[in-house]
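Next comes model_20.cif, a file with mmCIF, C-alpha atoms and all ligand atoms.
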```cif
data_model
#
loop_
_atom_site.label_atom_id
_atom_site.label_comp_id
_atom_site.auth_asym_id
_atom_site.auth_seq_id
_atom_site.Cartn_x
_atom_site.Cartn_y
_atom_site.Cartn_z
CA MET N 829 31.47 -20.49 -3.41
CA ARG N 830 34.94 -21.78 -4.30
CA ASN N 831 33.62 -25.13 -5.40
CA LEU N 832 34.40 -26.41 -8.87
CA PRO N 833 31.80 -27.67 -11.31
CA ASP N 834 31.27 -31.43 -11.46
CA PRO N 835 33.53 -32.63 -14.33
CA ASN N 836 31.14 -35.42 -15.36
CA ILE N 837 28.26 -33.00 -15.79
CA VAL N 838 30.53 -30.54 -17.57
CA ALA N 839 31.61 -33.27 -20.01
CA ARG N 840 28.01 -34.17 -20.80
CA ILE N 841 27.11 -30.53 -21.43
CA ALA N 842 30.16 -30.22 -23.70
CA GLN N 843 28.98 -33.24 -25.69
CA ILE N 844 25.57 -31.65 -26.20
CA LEU N 845 27.24 -28.40 -27.24
CA ARG N 846 29.13 -30.24 -29.98
CA ARG N 847 25.83 -31.10 -31.65
CA ALA N 848 24.10 -27.78 -30.94
CA CYS N 849 23.48 -24.81 -33.21
CA ARG N 850 21.14 -22.49 -31.34
CA LEU N 851 21.78 -21.66 -27.69
CA LEU N 852 19.64 -19.66 -25.29
CA PHE N 853 21.16 -18.16 -22.16
CA ILE N 854 18.74 -16.84 -19.57
CA THR N 855 20.65 -14.78 -17.05
CA GLY N 856 20.04 -13.01 -13.76
CA ALA N 857 22.02 -11.16 -11.13
CA GLY N 858 24.09 -14.26 -10.29
CA ILE N 859 26.04 -14.03 -13.55
CA SER N 860 27.31 -10.63 -12.46
CA ALA N 861 28.30 -11.87 -9.00
CA ASP N 862 31.81 -12.60 -10.32
CA SER N 863 32.04 -8.94 -11.28
CA GLY N 864 31.54 -8.06 -7.63
CA LEU N 865 27.86 -7.21 -7.96
CA PRO N 866 25.54 -8.49 -5.25
CA THR N 867 22.46 -10.51 -6.12
CA TYR N 868 19.15 -9.23 -4.82
CA ARG N 869 18.09 -12.53 -3.42
CA GLY N 870 19.93 -15.77 -2.90
CA ILE N 871 23.38 -16.30 -1.46
CA GLY N 872 24.98 -12.99 -0.62
CA GLY N 873 21.85 -11.15 -1.66
CA LEU N 874 21.46 -7.44 -1.07
CA TYR N 875 17.97 -7.77 0.34
CA ASN N 876 17.88 -11.34 1.58
CA ASN N 877 14.74 -11.89 3.59
CA GLN N 878 14.84 -8.47 5.05
CA LEU N 879 13.10 -5.18 4.64
CA THR N 880 14.78 -2.14 3.20
CA ALA N 881 15.72 0.76 5.47
CA ASP N 882 12.32 2.21 4.55
CA GLN N 883 10.67 -0.82 6.16
CA VAL N 884 9.21 -2.17 2.95
CA PRO N 885 10.29 -5.17 0.89
CA ILE N 886 12.60 -4.30 -2.01
CA GLU N 887 9.89 -5.37 -4.48
CA ILE N 888 7.62 -2.66 -3.07
CA ALA N 889 10.35 -0.02 -2.95
CA LEU N 890 11.18 -0.74 -6.60
CA SER N 891 7.59 -0.80 -7.84
CA GLY N 892 5.80 1.43 -10.32
CA ALA N 893 3.25 2.22 -7.63
CA MET N 894 5.93 3.41 -5.21
CA LEU N 895 7.56 5.52 -7.92
CA ALA N 896 4.22 7.26 -8.46
CA ALA N 897 3.46 7.68 -4.76
CA ASN N 898 6.90 8.36 -3.35
CA PRO N 899 9.61 8.64 -6.02
CA ALA N 900 12.28 9.46 -3.43
CA ILE N 901 12.02 5.94 -2.01
CA THR N 902 12.21 4.22 -5.39
CA TRP N 903 15.11 6.42 -6.48
CA ARG N 904 17.00 5.68 -3.25
CA TYR N 905 17.17 1.98 -4.18
CA LEU N 906 17.70 2.57 -7.89
CA HIS N 907 20.66 4.68 -6.86
CA GLN N 908 21.88 1.99 -4.48
CA ILE N 909 21.72 -0.67 -7.21
CA GLU N 910 23.45 1.59 -9.73
CA GLU N 911 26.15 2.37 -7.20
CA THR N 912 26.94 -1.31 -6.70
CA CYS N 913 27.71 -1.77 -10.41
CA ARG N 914 29.53 1.53 -10.87
CA GLY N 915 33.07 0.90 -12.10
CA ALA N 916 32.52 -2.88 -12.34
CA GLN N 917 33.32 -4.82 -15.52
CA PHE N 918 31.80 -7.81 -17.24
CA ASN N 919 33.43 -11.12 -16.30
CA ASP N 920 34.42 -14.37 -18.03
CA ALA N 921 30.86 -15.66 -18.00
CA HIS N 922 29.62 -12.70 -20.08
CA ALA N 923 32.74 -12.94 -22.27
CA ILE N 924 32.39 -16.67 -23.01
CA ILE N 925 28.72 -16.28 -23.97
CA ALA N 926 29.72 -13.49 -26.35
CA GLN N 927 32.65 -15.51 -27.78
CA TRP N 928 30.37 -18.46 -28.50
CA GLN N 929 28.63 -16.32 -31.10
CA GLU N 930 31.48 -17.43 -33.38
CA GLN N 931 30.49 -21.11 -33.08
CA PHE N 932 26.78 -20.96 -32.38
CA GLU N 933 23.73 -18.84 -32.88
CA VAL N 934 23.49 -17.39 -29.39
CA TRP N 935 20.55 -15.57 -27.83
CA VAL N 936 20.66 -13.97 -24.39
CA LEU N 937 17.57 -13.20 -22.35
CA SER N 938 18.76 -11.13 -19.42
CA GLN N 939 16.99 -9.61 -16.48
CA ASN N 940 20.09 -7.64 -15.62
CA ILE N 941 20.15 -3.90 -16.05
CA ASP N 942 23.93 -3.59 -15.64
CA GLY N 943 24.69 -3.62 -19.38
CA PHE N 944 27.47 -6.24 -19.04
CA HIS N 945 26.25 -8.57 -21.80
CA ARG N 946 26.27 -5.70 -24.27
CA ALA N 947 29.68 -4.53 -23.08
CA ALA N 948 31.04 -8.06 -23.54
CA GLY N 949 29.83 -8.05 -27.14
CA SER N 950 26.60 -10.07 -27.12
CA CYS N 951 24.51 -9.06 -30.13
CA ASN N 952 21.28 -11.08 -29.90
CA LEU N 953 20.34 -9.62 -26.58
CA ILE N 954 16.90 -9.28 -25.04
CA GLU N 955 17.22 -7.01 -22.02
CA ILE N 956 13.79 -7.72 -20.68
CA HIS N 957 14.05 -5.33 -17.72
CA GLY N 958 15.76 -2.49 -19.56
CA ASP N 959 18.96 -0.59 -18.81
CA ILE N 960 19.47 1.51 -15.70
CA HIS N 961 21.60 4.02 -17.58
CA ASP N 962 18.79 5.19 -19.89
CA LEU N 963 16.67 7.94 -18.35
CA PHE N 964 13.51 9.62 -19.58
CA CYS N 965 11.03 12.24 -18.44
CA THR N 966 7.66 11.01 -17.22
CA ARG N 967 5.93 14.00 -18.82
CA CYS N 968 7.76 15.30 -21.90
CA ALA N 969 9.98 13.72 -24.57
CA TYR N 970 13.25 14.37 -22.74
CA GLU N 971 15.61 11.41 -22.55
CA ALA N 972 19.25 10.92 -21.74
CA SER N 973 21.79 8.16 -21.35
CA VAL N 974 24.12 8.54 -18.38
CA PRO N 975 27.32 6.62 -17.55
CA ASP N 976 26.29 6.52 -13.88
CA TYR N 977 24.14 8.29 -11.28
CA ALA N 978 26.97 10.28 -9.69
CA GLY N 979 25.92 13.91 -9.48
CA LEU N 980 22.20 13.24 -9.91
CA THR N 981 19.93 15.05 -7.49
CA LEU N 982 17.42 12.52 -6.22
CA PRO N 983 14.75 12.20 -7.36
CA PRO N 984 15.94 13.88 -10.56
CA ALA N 985 13.76 16.48 -12.27
CA CYS N 986 13.48 17.05 -16.01
CA PRO N 987 15.68 19.95 -17.16
CA ARG N 988 12.92 20.97 -19.60
CA CYS N 989 9.64 20.62 -17.72
CA HIS N 990 10.70 19.79 -14.13
CA ALA N 991 8.60 16.61 -14.01
CA LEU N 992 10.04 13.41 -12.59
CA VAL N 993 12.78 11.67 -14.56
CA ARG N 994 13.07 7.91 -14.28
CA PRO N 995 15.23 5.13 -15.73
CA ARG N 996 14.00 3.03 -18.64
CA VAL N 997 13.76 -0.09 -16.51
CA VAL N 998 10.79 -2.28 -15.71
CA LEU N 999 9.80 -1.75 -12.11
CA PHE N 1000 7.80 -4.34 -10.21
CA GLY N 1001 4.19 -4.31 -11.33
CA GLU N 1002 5.00 -2.56 -14.60
CA THR N 1003 4.52 -3.88 -18.10
CA LEU N 1004 7.42 -5.45 -19.94
CA PRO N 1005 8.58 -3.75 -23.16
CA PRO N 1006 6.37 -5.20 -25.92
CA GLY N 1007 9.20 -5.30 -28.47
CA ALA N 1008 11.33 -7.47 -26.19
CA ILE N 1009 8.45 -9.88 -25.62
CA VAL N 1010 7.71 -10.20 -29.33
CA GLN N 1011 11.36 -10.92 -30.00
CA LEU N 1012 11.51 -13.49 -27.23
CA TYR N 1013 8.45 -15.31 -28.59
CA GLN N 1014 9.86 -15.26 -32.11
CA GLU N 1015 13.08 -16.86 -31.00
CA LEU N 1016 11.35 -19.41 -28.79
CA ASP N 1017 9.21 -20.35 -31.78
CA ARG N 1018 12.32 -20.97 -33.86
CA GLY N 1019 13.53 -23.37 -31.18
CA PHE N 1020 16.80 -23.91 -29.36
CA ASP N 1021 19.13 -26.89 -29.02
CA LEU N 1022 20.27 -26.09 -25.50
CA VAL N 1023 18.94 -23.73 -22.84
CA PHE N 1024 21.01 -22.37 -19.96
CA SER N 1025 19.57 -20.70 -16.87
CA ILE N 1026 22.36 -18.83 -15.09
CA GLY N 1027 22.27 -16.99 -11.79
CA THR N 1028 18.57 -16.39 -11.53
CA THR N 1029 16.04 -17.55 -8.96
CA SER N 1030 13.49 -17.62 -11.80
CA VAL N 1031 10.67 -15.98 -9.88
CA PHE N 1032 9.23 -14.41 -13.03
CA PRO N 1033 7.08 -16.50 -15.34
CA TYR N 1034 8.77 -15.21 -18.50
CA ILE N 1035 12.14 -16.32 -17.05
CA ALA N 1036 11.07 -19.70 -15.68
CA GLY N 1037 8.67 -20.48 -18.55
CA PRO N 1038 11.20 -20.98 -21.37
CA VAL N 1039 13.27 -23.35 -19.21
CA MET N 1040 10.27 -25.38 -18.17
CA GLN N 1041 8.88 -25.54 -21.67
CA ALA N 1042 12.28 -26.59 -23.03
CA SER N 1043 12.37 -29.33 -20.44
CA GLN N 1044 8.91 -30.46 -21.45
CA MET N 1045 9.87 -30.50 -25.14
CA GLY N 1046 12.94 -32.62 -24.48
CA VAL N 1047 15.38 -29.79 -25.20
CA PRO N 1048 18.43 -30.17 -22.93
CA THR N 1049 18.51 -27.66 -20.08
CA VAL N 1050 21.34 -26.56 -17.79
CA GLU N 1051 21.12 -24.54 -14.61
CA ILE N 1052 24.17 -22.81 -13.15
CA ASN N 1053 23.36 -21.56 -9.68
CA PRO N 1054 24.76 -22.31 -6.22
CA ALA N 1055 21.23 -22.38 -4.81
CA ASN N 1056 18.11 -24.31 -5.71
CA THR N 1057 15.56 -22.28 -7.65
CA ASN N 1058 12.11 -22.57 -9.19
CA VAL N 1059 13.52 -24.40 -12.22
CA THR N 1060 16.00 -26.73 -10.46
CA ASP N 1061 13.60 -29.67 -10.46
CA PHE N 1062 13.06 -29.31 -14.20
CA VAL N 1063 16.58 -29.04 -15.60
CA ASP N 1064 18.65 -31.92 -16.95
CA TYR N 1065 21.99 -30.66 -15.65
CA LYS N 1066 22.68 -28.61 -12.55
CA LEU N 1067 26.01 -26.99 -11.71
CA THR N 1068 26.32 -25.42 -8.27
CA ALA N 1069 29.59 -23.57 -8.90
CA GLY N 1070 29.78 -19.94 -9.96
CA ALA N 1071 28.88 -18.81 -13.47
CA ALA N 1072 32.39 -17.89 -14.66
CA VAL N 1073 34.14 -21.01 -13.36
CA SER N 1074 31.37 -23.22 -14.75
CA LEU N 1075 31.39 -21.68 -18.21
CA ARG N 1076 35.20 -21.77 -18.32
CA ALA N 1077 35.06 -25.50 -17.53
CA ILE N 1078 32.39 -26.13 -20.18
CA ARG N 1079 34.37 -24.18 -22.78
CA GLU N 1080 37.51 -26.18 -21.97
CA ALA N 1081 35.69 -29.51 -22.18
CA TYR N 1082 34.04 -28.44 -25.44
CA LEU N 1083 37.36 -27.43 -26.99
CA LYS N 1084 39.02 -30.62 -25.78
CA ALA N 1085 36.28 -32.79 -27.24
CA SER N 1086 36.44 -30.89 -30.54
CA THR N 1087 40.22 -31.25 -30.73
CA ARG N 1088 40.03 -34.97 -29.97
CA GLN N 1089 37.46 -35.39 -32.70
CA ARG N 1090 39.57 -33.45 -35.20
CA SER N 1091 42.68 -35.50 -34.41
CA ARG N 1092 40.70 -38.59 -35.41
CA GLY N 1093 40.11 -36.98 -38.77
CA VAL N 1094 36.46 -36.25 -38.15
CA GLY N 1095 34.84 -32.87 -38.59
CA ALA N 1096 35.05 -30.31 -35.88
CA SER N 1097 32.03 -29.30 -33.93
CA ARG N 1098 29.05 -30.86 -35.68
CA PRO N 1099 30.06 -34.39 -36.60
CA GLU N 1100 26.63 -35.60 -37.62
CA ALA N 1101 26.42 -32.92 -40.27
CA ILE N 1102 29.63 -34.21 -41.85
CA VAL N 1103 29.86 -37.92 -41.13
CA VAL N 1104 26.83 -39.04 -43.03
CA PRO N 1105 26.85 -42.45 -44.65
CA ASP N 1106 24.18 -42.08 -47.30
CA PRO N 1107 22.48 -39.22 -49.16
CA ALA N 1108 19.00 -40.05 -47.88
CA LYS N 1109 20.18 -39.69 -44.30
CA ALA N 1110 22.07 -36.53 -45.16
CA GLU N 1111 18.87 -34.98 -46.43
CA ALA N 1112 17.03 -36.00 -43.28
CA LEU N 1113 19.69 -34.42 -41.12
CA ASP N 1114 19.80 -31.24 -43.17
CA SER N 1115 16.11 -30.74 -42.67
CA ARG N 1116 16.39 -31.39 -38.96
CA GLN N 1117 14.94 -28.51 -37.05
CA PRO N 1118 15.61 -27.81 -33.41
CA PRO N 1119 12.61 -28.66 -31.27
CA LYS N 1120 10.46 -25.65 -30.74
CA ILE N 1121 10.02 -24.20 -27.32
CA SER N 1122 6.64 -22.88 -27.97
CA ARG N 1123 5.04 -19.88 -26.53
CA ALA N 1124 2.10 -20.65 -24.35
CA LEU N 1125 0.63 -17.22 -24.72
CA ALA N 1126 0.92 -15.74 -28.11
CA SER N 1127 -2.00 -13.48 -27.39
CA SER N 1128 -0.58 -11.79 -24.31
CA SER N 1129 -0.39 -8.17 -25.22
CA SER N 1130 0.84 -6.99 -21.88
CA ILE N 1131 2.95 -8.89 -19.46
CA SER N 1132 3.58 -7.47 -16.11
CA ARG N 1133 6.58 -7.88 -13.87
CA SER N 1134 5.09 -9.46 -10.83
CA ALA N 1135 6.84 -11.04 -7.89
CA SER N 1136 3.77 -12.93 -6.85
CA VAL N 1137 4.61 -16.29 -8.40
CA GLN N 1138 4.62 -18.68 -5.49
CA SER N 1139 5.57 -22.04 -6.88
CA TRP N 1140 6.23 -23.07 -10.44
CA ALA N 1141 6.44 -26.65 -9.37
CA SER N 1142 2.68 -26.67 -8.93
CA LEU N 1143 1.98 -25.28 -12.39
CA PRO N 1144 1.93 -27.54 -15.42
CA PRO N 1145 4.26 -26.02 -18.03
CA VAL N 1146 1.75 -26.26 -20.89
CA LYS N 1147 -0.54 -23.93 -19.03
CA LEU N 1148 2.05 -21.34 -18.22
CA ARG N 1149 0.53 -17.95 -18.03
CA PHE N 1150 2.84 -15.05 -18.48
CA SER N 1151 0.43 -12.45 -17.24
CA ALA N 1152 -0.28 -11.67 -13.61
CA LEU N 1153 -0.34 -14.88 -11.63
ZN ZN G 1 10.21 16.74 -19.09
#
```
Same coordinates, now as structure tokens:
Amino acid sequence: MRNLPDPNIVARIAQILRRACRLLFITGAGISADSGLPTYRGIGGLYNNQLTADQVPIEIALSGAMLAANPAITWRYLHQIEETCRGAQFNDAHAIIAQWQEQFEVWVLSQNIDGFHRAAGSCNLIEIHGDIHDLFCTRCAYEASVPDYAGLTLPPACPRCHALVRPRVVLFGETLPPGAIVQLYQELDRGFDLVFSIGTTSVFPYIAGPVMQASQMGVPTVEINPANTNVTDFVDYKLTAGAAVSLRAIREAYLKASTRQRSRGVGASRPEAIVVPDPAKAEALDSRQPPKISRALASSSSISRSASVQSWASLPPVKLRFSAL
């Protein structure tokens, strides 16, 4: 995992960045690996190809059905996951994405429930799987936000009505928050100039779909992941180094390219918006819109978190279905 990102690929990504306005970062557990958090699957994964101590796969232990049938089991693993991120901090990868808000319009679609993107300062943030620190009662209106799970009696009971309390996260088999989906579709409709997939195996359709659709629309795509994933065959650029070291390298190459350009007396980060020879062309460039990464399923009213996607490679992107596959 000590490998460095390929400088040629980094340079090409930096060149694309210099012309980009809107960036989409799709992130998974791998981006938090540099903060010391384990991934669930993949290299160093918590539950790599093995059953939990309760002899069920982690996707079953962390399912809505298991929470209803045996909340103690689900809470055991929620607690375990929360414990792994307790006391950890966001890393350079989260920080660089947040800093780029000064140069670009940045959107982050994260599956992570560790809250690191928010802590790093990302504003346009779609936390599609919720936040593990927000709790609510399954019966009454009680809700609370906790810094961690230390001191919780498991499974926790509501202080008002004694029913089960649970975190506001999307368990396997549960429906995604409708507001987050609407927001995601809106932003995909507006289009992006560059799409990053970082540290996710992309097993969920709503995570793989935007990358594959971007690829199909000719929008440049970058994957940062040591392992091959469901979107690897579709991306333009693949970096196999860690998230933080890769983004640091891209930032450096981007700054270097911008400085070089400035020293030649040409505008900073978006040369084509400044170096325009004639007014007609200027108008054409001003009206240039980023290609749209369209939604395949505007009508989906409920999208469920399902781990049953077998192979995206066999599914044509235009027919992506975000509901149960
Ligand atoms: Zn209650």
Hey, could you pull the box centre and edge lengths for range 893-911 of chain N, axis-aligned, 5 Å padding per side, all listed atoms, to one decimal in Å, as AutoDock Vina command-line options?
```
--center_x 14.7 --center_y 4.4 --center_z -5.9 --size_x 32.9 --size_y 20.1 --size_z 17.7
```
Quiz item: Once you count all atoms listed in the file, which residues end up within 9 Å of ligand ZN 1 (chain G), and could you hand them over as a PyMOL selection string?
Solution: chain N and resi 964-971+985-993
Quiz prompt | Atom pair CA of Glu1080 in chain N / CA of Ala842 in chain N: separation (Å) | solution =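 CA of Ala842 in chain N lies at a distance of 8.6 Å from CA of Glu1080 in chain N.
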Quiz item: CA of Thr1049 in chain N and CA of Phe1062 in chain N are how many Å apart?
Solution: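 Result for CA of Thr1049 in chain N versus CA of Phe1062 in chain N: 8.2 Å, one decimal.
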Quiz item: Which residue, N:Ile854, N:Val1010, N:Val974, N:Ile925, has the smallest gap to Thr1028 in chain N when you use all atoms listed in the file?
Solution: N:Ile854
Quiz item: With all atoms listed in the file as the atoms that count, which of N:Arg946, N:His922, N:Arg914, N:Arg996 lies nearest to Asp962 in chain N?
Solution: N:Arg996
Practice problem: Skip range 892-897 of chain N itself and residues of its chain fewer than 5 positions away, then list as a PyMOL selection string all residues within 7 Å of it, counting only C-alpha atoms. | Solution: chain N and resi 902+999-1002
Because some atoms of range 1062-1083 of chain N are absent here, can you restore N, CA and C atoms and send them as a compact mmCIF listing (two decimals), keeping the file's coordinate frame?
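Resulting contents of selection.txt:
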```txt
# COMPACT_ATOMS: atom_id res chain seq x y z
N PHE N 1062 13.43 -29.07 -12.81
CA PHE N 1062 13.06 -29.31 -14.20
C PHE N 1062 14.25 -29.45 -15.13
N VAL N 1063 15.44 -29.04 -14.67
CA VAL N 1063 16.58 -29.04 -15.60
C VAL N 1063 17.26 -30.41 -15.66
N ASP N 1064 17.93 -30.66 -16.78
CA ASP N 1064 18.65 -31.92 -16.95
C ASP N 1064 19.98 -31.91 -16.22
N TYR N 1065 20.65 -30.75 -16.24
CA TYR N 1065 21.99 -30.66 -15.65
C TYR N 1065 22.06 -29.45 -14.73
N LYS N 1066 22.59 -29.69 -13.52
CA LYS N 1066 22.68 -28.61 -12.55
C LYS N 1066 24.13 -28.48 -12.09
N LEU N 1067 24.67 -27.27 -12.23
CA LEU N 1067 26.01 -26.99 -11.71
C LEU N 1067 25.87 -25.98 -10.58
N THR N 1068 26.49 -26.29 -9.43
CA THR N 1068 26.32 -25.42 -8.27
C THR N 1068 27.50 -24.48 -8.07
N ALA N 1069 28.45 -24.51 -8.99
CA ALA N 1069 29.59 -23.57 -8.90
C ALA N 1069 29.17 -22.23 -9.49
N GLY N 1070 30.07 -21.26 -9.43
CA GLY N 1070 29.78 -19.94 -9.96
C GLY N 1070 29.67 -19.95 -11.48
N ALA N 1071 29.13 -18.87 -12.03
CA ALA N 1071 28.88 -18.81 -13.47
C ALA N 1071 30.19 -18.82 -14.27
N ALA N 1072 31.15 -18.00 -13.87
CA ALA N 1072 32.39 -17.89 -14.66
C ALA N 1072 33.18 -19.19 -14.63
N VAL N 1073 33.35 -19.78 -13.45
CA VAL N 1073 34.14 -21.01 -13.36
C VAL N 1073 33.43 -22.15 -14.09
N SER N 1074 32.13 -22.16 -14.06
CA SER N 1074 31.37 -23.22 -14.75
C SER N 1074 31.50 -23.08 -16.26
N LEU N 1075 31.32 -21.87 -16.76
CA LEU N 1075 31.39 -21.68 -18.21
C LEU N 1075 32.82 -21.88 -18.73
N ARG N 1076 33.81 -21.51 -17.92
CA ARG N 1076 35.20 -21.77 -18.32
C ARG N 1076 35.42 -23.29 -18.47
N ALA N 1077 34.89 -24.04 -17.50
CA ALA N 1077 35.06 -25.50 -17.53
C ALA N 1077 34.35 -26.10 -18.73
N ILE N 1078 33.14 -25.60 -19.03
CA ILE N 1078 32.39 -26.13 -20.18
C ILE N 1078 33.13 -25.79 -21.48
N ARG N 1079 33.64 -24.58 -21.57
CA ARG N 1079 34.37 -24.18 -22.78
C ARG N 1079 35.60 -25.07 -22.98
N GLU N 1080 36.31 -25.34 -21.88
CA GLU N 1080 37.51 -26.18 -21.97
C GLU N 1080 37.16 -27.60 -22.42
N ALA N 1081 36.10 -28.14 -21.82
CA ALA N 1081 35.69 -29.51 -22.18
C ALA N 1081 35.21 -29.55 -23.63
N TYR N 1082 34.54 -28.52 -24.06
CA TYR N 1082 34.04 -28.44 -25.44
C TYR N 1082 35.21 -28.39 -26.42
N LEU N 1083 36.20 -27.56 -26.11
CA LEU N 1083 37.36 -27.43 -26.99
C LEU N 1083 38.15 -28.73 -27.03
```
